[in-house]
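Trainee: Below is start36.cif; it holds mmCIF, C-alpha atoms and all ligand atoms.
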```
data_final
#
loop_
_atom_site.label_atom_id
_atom_site.label_comp_id
_atom_site.auth_asym_id
_atom_site.auth_seq_id
_atom_site.Cartn_x
_atom_site.Cartn_y
_atom_site.Cartn_z
CA MET A 561 -11.17 8.29 -7.22
CA GLU A 562 -12.97 8.53 -3.95
CA ILE A 563 -11.29 10.83 -1.42
CA ILE A 564 -12.24 10.26 2.23
CA ILE A 565 -10.93 12.96 4.57
CA GLN A 566 -11.19 12.34 8.29
CA PRO A 567 -10.16 14.48 11.26
CA THR A 568 -7.49 12.02 12.41
CA PRO A 569 -5.46 9.08 11.07
CA GLU A 570 -7.29 6.85 13.57
CA ALA A 571 -10.71 7.76 12.15
CA ALA A 572 -9.54 7.22 8.56
CA THR A 573 -7.84 3.94 9.45
CA ALA A 574 -11.01 2.64 11.11
CA ILE A 575 -12.98 3.16 7.89
CA ALA A 576 -10.25 1.58 5.77
CA ALA A 577 -10.20 -1.43 8.11
CA ARG A 578 -13.97 -1.81 7.74
CA LEU A 579 -13.56 -1.89 3.97
CA VAL A 580 -10.85 -4.57 4.11
CA ALA A 581 -12.85 -6.60 6.66
CA ARG A 582 -15.93 -6.42 4.48
CA LEU A 583 -14.03 -7.93 1.54
CA ILE A 584 -12.58 -10.70 3.73
CA ARG A 585 -16.07 -11.61 4.97
CA LYS A 586 -17.62 -11.43 1.51
CA LYS A 587 -14.82 -13.24 -0.32
CA PRO A 588 -13.01 -15.59 2.10
CA ALA A 589 -10.54 -16.69 -0.60
CA ALA A 590 -9.70 -13.14 -1.70
CA VAL A 591 -6.23 -12.08 -2.81
CA LEU A 592 -4.88 -9.15 -0.80
CA GLY A 593 -2.04 -6.88 -1.87
CA LEU A 594 -0.28 -5.83 1.33
CA ALA A 595 1.98 -2.89 2.06
CA THR A 596 4.50 -2.04 4.78
CA GLY A 597 5.44 1.25 6.44
CA GLY A 598 4.31 3.25 9.43
CA THR A 599 0.97 4.12 7.82
CA MET A 600 -0.08 0.46 7.67
CA GLU A 601 0.71 -0.48 11.28
CA PRO A 602 -2.52 0.86 12.86
CA LEU A 603 -4.54 -0.67 10.01
CA TYR A 604 -3.05 -4.08 10.70
CA ARG A 605 -3.71 -3.65 14.44
CA GLU A 606 -7.38 -2.97 13.65
CA LEU A 607 -7.61 -5.97 11.34
CA VAL A 608 -6.01 -8.27 13.92
CA ALA A 609 -8.45 -7.02 16.57
CA GLN A 610 -11.38 -7.94 14.32
CA LYS A 611 -10.46 -11.66 14.50
CA LEU A 612 -11.28 -12.33 10.86
CA ASP A 613 -10.82 -15.66 9.15
CA TRP A 614 -7.64 -15.45 7.05
CA SER A 615 -7.40 -19.21 6.44
CA ARG A 616 -8.32 -19.07 2.74
CA LEU A 617 -6.83 -15.68 1.88
CA THR A 618 -3.75 -15.26 -0.29
CA THR A 619 -1.44 -12.28 0.22
CA PHE A 620 1.17 -10.62 -1.96
CA ASN A 621 3.40 -7.92 -0.54
CA LEU A 622 4.39 -4.91 -2.58
CA ASP A 623 8.11 -4.86 -2.03
CA GLU A 624 11.25 -5.93 -0.20
CA TYR A 625 14.82 -4.68 0.17
CA VAL A 626 17.45 -6.50 -1.88
CA GLY A 627 20.28 -8.08 0.08
CA ILE A 628 18.37 -8.27 3.35
CA ALA A 629 17.48 -11.61 4.93
CA PRO A 630 13.91 -12.32 6.09
CA GLU A 631 15.15 -12.30 9.72
CA HIS A 632 16.75 -8.84 9.43
CA SER A 633 15.07 -6.40 11.81
CA GLN A 634 14.10 -4.08 8.94
CA SER A 635 13.11 -6.66 6.33
CA TYR A 636 9.54 -6.43 5.13
CA HIS A 637 9.23 -10.17 5.80
CA ARG A 638 9.86 -9.39 9.45
CA PHE A 639 7.57 -6.35 9.44
CA MET A 640 4.71 -8.40 8.04
CA ARG A 641 5.26 -11.27 10.42
CA GLU A 642 5.37 -9.04 13.49
CA LYS A 643 2.66 -6.55 12.58
CA LEU A 644 0.13 -8.88 10.99
CA LEU A 645 0.85 -12.39 9.83
CA GLN A 646 1.72 -14.06 13.13
CA HIS A 647 -1.48 -12.68 14.65
CA VAL A 648 -3.90 -14.10 12.06
CA ASN A 649 -4.67 -17.61 10.82
CA VAL A 650 -3.24 -17.11 7.31
CA ALA A 651 -1.71 -20.24 5.72
CA ALA A 652 2.06 -19.82 5.35
CA ALA A 653 1.84 -21.27 1.83
CA ASN A 654 -0.49 -18.44 0.81
CA VAL A 655 1.84 -15.64 1.94
CA ASN A 656 3.99 -14.11 -0.78
CA ILE A 657 6.69 -11.49 -0.21
CA PRO A 658 9.43 -10.72 -2.76
CA ASP A 659 12.68 -12.53 -1.95
CA GLY A 660 15.37 -9.95 -1.21
CA LEU A 661 18.01 -12.69 -1.33
CA ALA A 662 17.00 -14.16 -4.70
CA GLN A 663 20.04 -15.28 -6.70
CA ASP A 664 18.33 -14.48 -9.98
CA VAL A 665 16.30 -11.35 -9.33
CA PRO A 666 14.69 -11.01 -12.80
CA ALA A 667 13.57 -14.67 -12.67
CA ALA A 668 12.19 -14.20 -9.13
CA CYS A 669 10.27 -11.10 -10.30
CA GLU A 670 8.79 -12.95 -13.27
CA ASN A 671 7.80 -15.79 -10.99
CA TYR A 672 6.11 -13.33 -8.61
CA GLU A 673 4.06 -11.94 -11.49
CA ARG A 674 3.11 -15.46 -12.57
CA LYS A 675 1.97 -16.32 -9.06
CA ILE A 676 -0.25 -13.24 -8.89
CA SER A 677 -1.86 -14.21 -12.19
CA ALA A 678 -2.25 -17.84 -11.09
CA ALA A 679 -3.99 -16.66 -7.91
CA GLY A 680 -6.51 -14.81 -10.06
CA GLY A 681 -5.10 -11.30 -9.63
CA ILE A 682 -5.19 -8.97 -6.63
CA ASP A 683 -8.66 -8.10 -5.32
CA LEU A 684 -7.61 -5.31 -3.01
CA GLN A 685 -4.28 -3.52 -3.02
CA LEU A 686 -3.17 -1.51 0.02
CA LEU A 687 -0.88 1.41 -0.78
CA GLY A 688 1.03 4.02 1.16
CA ILE A 689 2.65 6.94 -0.63
CA GLY A 690 6.18 8.29 -0.46
CA THR A 691 6.83 11.98 0.19
CA HIS A 692 7.70 12.28 -3.51
CA GLY A 693 4.77 10.19 -4.70
CA HIS A 694 6.10 6.65 -4.95
CA ILE A 695 3.73 3.69 -4.64
CA GLY A 696 5.39 0.46 -3.62
CA PHE A 697 9.01 1.36 -4.35
CA ASN A 698 8.15 2.73 -7.78
CA GLU A 699 10.23 5.87 -7.52
CA PRO A 700 9.67 9.01 -9.63
CA THR A 701 10.32 8.32 -13.35
CA SER A 702 9.32 4.65 -12.95
CA SER A 703 7.62 3.32 -16.05
CA LEU A 704 3.88 3.62 -15.64
CA ALA A 705 3.62 0.23 -17.38
CA SER A 706 6.28 -1.47 -15.23
CA ARG A 707 6.04 -4.99 -13.86
CA THR A 708 7.68 -6.45 -10.74
CA ARG A 709 11.40 -5.70 -10.93
CA ILE A 710 14.48 -4.38 -9.18
CA LYS A 711 14.59 -0.62 -8.52
CA THR A 712 17.19 1.74 -7.10
CA LEU A 713 15.89 3.89 -4.25
CA THR A 714 16.14 7.66 -4.52
CA PRO A 715 18.15 9.56 -1.89
CA GLN A 716 14.78 10.96 -0.68
CA THR A 717 13.37 7.50 0.07
CA ARG A 718 16.59 6.42 1.74
CA ARG A 719 16.42 9.55 3.93
CA ASP A 720 12.73 8.91 4.70
CA ASN A 721 13.46 5.32 5.74
CA ALA A 722 16.68 6.09 7.63
CA ARG A 723 14.62 6.37 10.83
CA TYR A 724 13.86 2.66 10.68
CA PHE A 725 17.47 1.63 10.03
CA GLY A 726 19.13 3.93 12.55
CA GLY A 727 20.90 5.92 9.83
CA GLU A 728 20.78 6.59 6.12
CA GLU A 729 23.96 4.68 5.36
CA GLN A 730 22.30 1.46 6.61
CA VAL A 731 19.37 1.73 4.14
CA PRO A 732 19.82 -0.60 1.16
CA HIS A 733 20.08 0.96 -2.30
CA HIS A 734 18.08 -1.68 -4.13
CA VAL A 735 14.61 -3.15 -3.76
CA ILE A 736 12.20 -5.47 -5.54
CA THR A 737 8.83 -3.85 -6.09
CA LEU A 738 5.56 -4.72 -7.72
CA GLY A 739 5.33 -2.70 -10.94
CA ILE A 740 2.96 0.16 -11.57
CA GLY A 741 1.35 -1.85 -14.38
CA THR A 742 0.85 -4.70 -11.90
CA ILE A 743 -0.71 -2.37 -9.31
CA LEU A 744 -3.07 -0.99 -11.96
CA GLU A 745 -4.40 -4.50 -12.59
CA SER A 746 -5.62 -4.92 -9.02
CA ARG A 747 -9.40 -4.64 -8.71
CA HIS A 748 -9.50 -2.03 -5.96
CA CYS A 749 -6.72 0.18 -4.59
CA LEU A 750 -6.80 1.67 -1.08
CA LEU A 751 -4.30 4.49 -0.64
CA LEU A 752 -3.68 5.71 2.91
CA ALA A 753 -1.71 8.88 3.71
CA PHE A 754 -1.45 10.78 6.96
CA GLY A 755 0.48 13.83 8.11
CA LYS A 756 1.59 17.07 6.53
CA GLN A 757 4.71 15.47 5.06
CA LYS A 758 2.41 13.64 2.61
CA ALA A 759 0.28 16.68 1.63
CA ARG A 760 2.25 17.66 -1.45
CA ALA A 761 2.46 14.12 -2.84
CA ILE A 762 -1.28 13.64 -2.28
CA ALA A 763 -2.16 16.88 -4.08
CA ALA A 764 0.07 15.85 -7.00
CA ALA A 765 -1.35 12.31 -7.09
CA VAL A 766 -5.03 13.26 -6.88
CA GLU A 767 -5.24 16.62 -8.64
CA GLY A 768 -2.01 16.91 -10.62
CA PRO A 769 -1.23 15.65 -14.12
CA ILE A 770 -0.59 11.94 -14.66
CA THR A 771 3.16 11.79 -14.69
CA ALA A 772 5.96 9.36 -13.89
CA MET A 773 7.39 12.18 -11.74
CA CYS A 774 4.60 11.33 -9.27
CA PRO A 775 3.98 7.59 -9.74
CA ALA A 776 0.84 7.66 -7.55
CA SER A 777 -0.80 9.99 -10.08
CA VAL A 778 -1.23 6.95 -12.33
CA LEU A 779 -4.03 5.88 -9.99
CA GLN A 780 -6.18 8.43 -11.84
CA LEU A 781 -6.29 5.80 -14.60
CA HIS A 782 -7.53 3.09 -12.24
CA PRO A 783 -11.30 2.53 -12.19
CA ARG A 784 -11.56 1.98 -8.43
CA VAL A 785 -9.36 3.83 -5.96
CA THR A 786 -10.29 4.89 -2.42
CA VAL A 787 -7.98 7.40 -0.77
CA PHE A 788 -8.00 7.77 3.04
CA LEU A 789 -6.53 11.01 4.41
CA ASP A 790 -6.33 12.93 7.63
CA GLU A 791 -6.70 16.72 7.53
CA ALA A 792 -2.95 17.28 7.40
CA ALA A 793 -2.42 15.05 4.36
CA ALA A 794 -5.41 16.69 2.65
CA ALA A 795 -4.14 20.23 3.31
CA GLU A 796 -2.87 20.94 -0.22
CA LEU A 797 -5.88 19.58 -2.12
CA LYS A 798 -8.01 22.16 -3.91
CA LEU A 799 -11.37 20.36 -3.99
CA THR A 800 -11.62 19.29 -0.35
CA ASP A 801 -15.12 20.77 0.04
CA TYR A 802 -16.30 18.68 -2.88
CA TYR A 803 -14.72 15.47 -1.53
CA ARG A 804 -16.32 16.02 1.87
CA TRP A 805 -19.68 16.75 0.29
CA VAL A 806 -19.52 13.61 -1.88
CA TYR A 807 -18.71 11.47 1.16
CA ALA A 808 -21.55 13.03 3.17
CA GLN A 809 -24.02 12.37 0.31
CA LYS A 810 -23.12 8.70 -0.17
CA PRO A 811 -26.22 6.61 -0.55
CA ASP A 812 -26.68 4.01 2.19
CA TRP A 813 -25.84 1.08 -0.07
CA GLN A 814 -22.45 2.64 -0.76
CA ARG A 815 -21.56 3.35 2.87
CA ILE A 816 -18.50 1.66 4.31
P1 LIG B 901 5.18 5.23 5.48
O1 LIG B 901 5.69 4.81 4.01
O2 LIG B 901 3.86 4.59 5.68
O3 LIG B 901 6.24 4.70 6.41
O4 LIG B 901 5.10 6.72 5.48
C1 LIG B 901 4.83 4.91 2.93
C2 LIG B 901 5.58 4.67 1.63
O5 LIG B 901 6.76 5.03 1.54
O6 LIG B 901 4.97 4.13 0.69
#
```
Could I get this structure in the form of structure tokens?
Ligand code: PGA

Mentor:
Amino acid sequence: MEIIIQPTPEAATAIAARLVARLIRKKPAAVLGLATGGTMEPLYRELVAQKLDWSRLTTFNLDEYVGIAPEHSQSYHRFMREKLLQHVNVAAANVNIPDGLAQDVPAACENYERKISAAGGIDLQLLGIGTHGHIGFNEPTSSLASRTRIKTLTPQTRRDNARYFGGEEQVPHHVITLGIGTILESRHCLLLAFGKQKARAIAAAVEGPITAMCPASVLQLHPRVTVFLDEAAAAELKLTDYYRWVYAQKPDWQRI
């Protein structure tokens, strides 16, 4: 795992955006795994500003609420459209987001997995992290081998997301999320976390034991993970001096 600690979320986001942009330029038909949430918004703004060519890219989103229509103000379909997709020249046919209104959810999840495989797998997976360590909506105790499926949100996640819905009681209970096993098959994971509310989850994910109690800790098994943090999110890590030193010593050919 590479841990990049920057003074501010803006500085960390700028480096993450450079990494994504570099892949898009190098591999115009890449497959991107996209995420939603407040952490991703500035990243998408940066990517839009770079005026990259999205015409041959394929995208797969991590998750969606069950029972919410694409037009709903808090659907992840809507989030993606407003924050990114309507501002870039991506082909609508290449955009994939789980269907929260699917009649047969298990079949829709299997189909989603098949589409990812048919597209050649995910080249780069963007990830946020929940305050209790979820990635996607893989809540604590999720199977570390899980595939795309329906999950029930924890009360913690529903509280965390209440701010978007104008109240906890409005937050759906169920979601469709890419599985942890699916995330592990992506070729490169970028995890972004900012703010002190993420510090404990980041310490558990990066330096704690691999455990389903902190699903993000499974990323320790992934061969290529880059973690972007601000100082506040890095505050509970033990080896921060080492991570900073490693980043400062990066050979030129590895620089982002
Ligand atoms: P956030 O969500 O970016 O809104 O903090 C991250 C997550 O829950 O994965």

Trainee: Identify, counting all atoms listed in the file, the protein, DNA and RNA residues located within 6 Å of ligand LIG 901 (chain B), and give them as a PyMOL selection string.

Mentor: chain A and resi 597-599+688-690+695-696

Trainee: Which one of A:Asn621, A:Thr701, A:Thr737, A:Thr691 sits closest to A:Arg719 if you count all atoms listed in the file?

Mentor: A:Thr691

Trainee: What is the distance between atom CA of A:Ala772 and atom CA of A:Asp683, in Å to one decimal?

Mentor: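 Between these atoms lies a distance of 24.3 Å.
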
Trainee: Here is a test: counting all atoms listed in the file, which residue of A:Gln663, A:Gln814, A:Asn671, A:Thr714 is nearest to A:Val626?

Mentor: A:Gln663

Trainee: Kindly assemble as JSON lines a list of the stretch 621-727 of chain A residues that lie within 10 Å of stretch 779-801 of chain A, each paired with its nearest atom pair and their distance in Å to one decimal, using only C-alpha atoms, sorted first by chain and then by ascending residue number.

Mentor:
```
{"residue": "A:Leu684", "atom": "CA", "partner": "A:Val785", "partner_atom": "CA", "distance": 9.8}
{"residue": "A:Gln685", "atom": "CA", "partner": "A:Val785", "partner_atom": "CA", "distance": 9.4}
{"residue": "A:Leu686", "atom": "CA", "partner": "A:Thr786", "partner_atom": "CA", "distance": 9.9}
{"residue": "A:Leu687", "atom": "CA", "partner": "A:Val787", "partner_atom": "CA", "distance": 9.3}
{"residue": "A:Gly688", "atom": "CA", "partner": "A:Val787", "partner_atom": "CA", "distance": 9.8}
{"residue": "A:Ile695", "atom": "CA", "partner": "A:Leu779", "partner_atom": "CA", "distance": 9.7}
{"residue": "A:Leu704", "atom": "CA", "partner": "A:Leu779", "partner_atom": "CA", "distance": 10.0}
```

Trainee: For A:His632, find every residue with an atom within 12 Å (counting all atoms listed in the file), except residues of its own chain fewer than 5 positions away, and show them as a PDB file with C-alpha atoms, in the coordinates of the input.

Mentor:
```pdb
ATOM      1  CA  GLU A 624      11.250  -5.930  -0.200  1.00  0.00           C
ATOM      2  CA  TYR A 625      14.820  -4.680   0.170  1.00  0.00           C
ATOM      3  CA  VAL A 626      17.450  -6.500  -1.880  1.00  0.00           C
ATOM      4  CA  GLY A 627      20.280  -8.080   0.080  1.00  0.00           C
ATOM      5  CA  HIS A 637       9.230 -10.170   5.800  1.00  0.00           C
ATOM      6  CA  ARG A 638       9.860  -9.390   9.450  1.00  0.00           C
ATOM      7  CA  PHE A 639       7.570  -6.350   9.440  1.00  0.00           C
ATOM      8  CA  ARG A 641       5.260 -11.270  10.420  1.00  0.00           C
ATOM      9  CA  GLY A 660      15.370  -9.950  -1.210  1.00  0.00           C
ATOM     10  CA  LEU A 661      18.010 -12.690  -1.330  1.00  0.00           C
ATOM     11  CA  TYR A 724      13.860   2.660  10.680  1.00  0.00           C
ATOM     12  CA  PHE A 725      17.470   1.630  10.030  1.00  0.00           C
TER      13      PHE A 725
END
```
